[in-house]
Amino acid sequence: QKGNYEHYMQKEIHEQPESLTTTMRGRLIHGGSKVKGVLLGGLKDHLKTIRRSRRILFIGCGTSYYAGLATRALVEELSGVPVTMELASDLLDRRGPVYREDTAIFVSQSGETADTLEALEYAKSFGALCVGVTNTVGSAIARGTHCGVHINAGCEIGVASTKAYTSQIAAMTMMALALGDDTLSSCNRREAIIDDLINLPNKVREVLKLDNDMKELAKELMEEQSLLVFGRGYNYATALEGALKVKEVALMHSEGILAGEMKHGPLALVDENLPIIVIATRDATCSKQQSVIQQLQARKGRLIVMCTKGDANLMCPNGGYRFIEVPQLQDCLQPIINIVPFQLLAYHLTVLRGFNVDQPRNLAKSVTIS
Ligand code: F6R
């Protein structure tokens, strides 16, 4: 089942061009020779209701929550509906308010996570429209929601979620496009995103070529105690998810930090020894990330900069740092590209540190008790 790969996680990272293709198959509508829009069969009868809702809640745990976070801004941009992020356990702990006019979107690879399932029953009890985004046909969340989208990433066996994460983002991007379908003003933006969705598998193939570079970086970092990851905008989710991958499989402390919060505490940690990855690929927040890099340089931070191919000199004119150069896509799809080097890094760190890649200590693939 693992084919030529040694571990499921490795196989699942490398099969992302194919899993993303499957996620999109049959869902991009062609008008003549051009792809014109998105068709999500499981949602089409509910789009009007979702567009009219007072707010959208994204509810999930762990990686699935981060996939929601990665698409939040696009859903807000294209639908005009405010999106609130909810970790399922926290919504339940505080018995947060849910209204009949809300659309609650439950994101779960397994479709069986106890907290997410309980949050679904909770939201249903208030009369919210409940939408599932799952990878498992017939799962409890797929059955319990009013409508939904299957991400069709194929079975994920490694405990650390990889291909499901990228397919969740692709599926929710298509959901955002479907929600924005009736607005003329966003027509060009929607077309540009659709064009890049079509390019996506090839771009992922390109970024997978960084495998050896990530192995080299893992050799450099394997004895470290800690790794920080700074991101913002669309890639705040990448920072959190990248750090989660490193901590859960490589058993190394790692923290994803919103770069805009750097001066409010984390800056105190910066010295010559602590490795920091800064995500600074091209988008509306890129110049802010450039100034974060300068501030970290001024404190002699040990930087690894993730930037758009060809931007290394621009981002760090003084050089001297390691770069992870990635291909560019529309800002909202960039998290799908940017997470891949982190997945590869976490994988190689784990192998080099001698830990179990597919069955990390203390973790289960599906968390069915809360
Ligand atoms: C991390 C990971 C977990 C899951 C979380 C939710 O790699 O796999 O954080 O994302 O347990 O699981 P699902 O998506 O099945 O609800």
# chains A, B, ... in the order shown; residues from 1 in each chain; ligands from 1
$ residues_near_ligand --ligand "ligand 1" --cutoff "10 Å" --atoms "only C-alpha atoms and all ligand atoms" --output "ChimeraX atom specification"
/A:59-67,88,106-117,133-136,141,156,158-162,164-165,168,241-242,244-249,343,360,363-368
$ residues_around --residues "stretch 335-340 of chain A" --least-positions-apart "4" --cutoff "7 Å" --atoms "only C-alpha atoms" --output "JSON list (two decimals) with C-alpha atoms, in the first residue's frame"
[["chain", "number", "residue", "atom", "x", "y", "z"],
["A", 70, "ALA", "CA", -6.71, 29.49, 5.78],
["A", 166, "THR", "CA", -4.56, 20.74, 1.25],
["A", 204, "VAL", "CA", 2.50, 21.30, -5.93],
["A", 207, "VAL", "CA", 7.26, 22.52, -4.65],
["A", 208, "LEU", "CA", 7.68, 18.80, -3.87],
["A", 234, "TYR", "CA", -3.49, 33.83, 4.52],
["A", 235, "ASN", "CA", -0.36, 32.23, 5.91],
["A", 238, "THR", "CA", 0.40, 27.93, 7.48],
["A", 242, "GLY", "CA", 3.53, 23.97, 10.00],
["A", 344, "LEU", "CA", 8.54, 17.58, 4.20]]
$ closest_residue --among "A:Ile157, A:Ala178, A:Cys286, A:His264" --to "A:Glu191" --atoms "only C-alpha atoms"
A:Ala178
$ atom_distance --atom1 "atom CA of A:Gly127" --atom2 "atom CA of A:Met175"
21.6 Å
$ select_by_dssp --residues "stretch 290-354 of chain A" --states "alpha helix (DSSP H)" --output "number ranges by chain"
A: 290-298, 312-315, 334-353
$ residues_around --residues "A:Ala153" --least-positions-apart "6" --cutoff "8 Å" --atoms "only C-alpha atoms" --output "MDAnalysis selection string"
chainID A and resid 19:20 22:23 135 163:164 167
$ closest_residue --among "A:Ala243, A:Leu217, A:Met9, A:Val326" --to "A:Leu345" --atoms "only C-alpha atoms"
A:Leu217
$ select_by_dssp --residues "stretch 165-328 of chain A" --states "strand (DSSP E)" --output "PDB file with C-alpha atoms, in the first residue's frame"
ATOM      1  CA  SER A 226      12.449  24.561  19.482  1.00  0.00           C
ATOM      2  CA  LEU A 227      11.365  26.154  16.212  1.00  0.00           C
ATOM      3  CA  LEU A 228       9.267  29.285  15.726  1.00  0.00           C
ATOM      4  CA  VAL A 229       7.197  30.012  12.614  1.00  0.00           C
ATOM      5  CA  PHE A 230       5.995  33.543  11.820  1.00  0.00           C
ATOM      6  CA  GLY A 231       3.137  34.043   9.373  1.00  0.00           C
ATOM      7  CA  HIS A 253       8.566  22.129  20.421  1.00  0.00           C
ATOM      8  CA  SER A 254       7.309  24.444  17.725  1.00  0.00           C
ATOM      9  CA  GLU A 255       5.049  27.445  17.763  1.00  0.00           C
ATOM     10  CA  GLY A 256       3.222  29.247  14.999  1.00  0.00           C
ATOM     11  CA  ILE A 257       2.995  32.964  15.693  1.00  0.00           C
ATOM     12  CA  LEU A 258       0.982  35.719  14.038  1.00  0.00           C
ATOM     13  CA  PRO A 275      15.650  28.935  14.553  1.00  0.00           C
ATOM     14  CA  ILE A 276      12.776  30.983  13.110  1.00  0.00           C
ATOM     15  CA  ILE A 277      10.987  30.390   9.837  1.00  0.00           C
ATOM     16  CA  VAL A 278       9.377  33.550   8.439  1.00  0.00           C
ATOM     17  CA  ILE A 279       6.734  33.065   5.751  1.00  0.00           C
ATOM     18  CA  ARG A 302      18.600  32.781  13.068  1.00  0.00           C
ATOM     19  CA  LEU A 303      16.266  33.123  10.094  1.00  0.00           C
ATOM     20  CA  ILE A 304      14.946  30.804   7.468  1.00  0.00           C
ATOM     21  CA  VAL A 305      12.847  32.794   5.000  1.00  0.00           C
ATOM     22  CA  MET A 306      10.105  31.263   2.890  1.00  0.00           C
ATOM     23  CA  CYS A 307       9.607  33.539  -0.106  1.00  0.00           C
ATOM     24  CA  THR A 308       8.350  33.546  -3.680  1.00  0.00           C
ATOM     25  CA  ARG A 322      18.539  30.109   4.387  1.00  0.00           C
ATOM     26  CA  PHE A 323      15.697  30.484   1.906  1.00  0.00           C
ATOM     27  CA  ILE A 324      12.824  28.250   0.969  1.00  0.00           C
ATOM     28  CA  GLU A 325      11.722  29.519  -2.447  1.00  0.00           C
ATOM     29  CA  VAL A 326       8.265  28.471  -3.584  1.00  0.00           C
TER      30      VAL A 326
END
$ atom_distance --atom1 "atom CA of A:Pro201" --atom2 "atom CA of A:Glu15"
9.8 Å
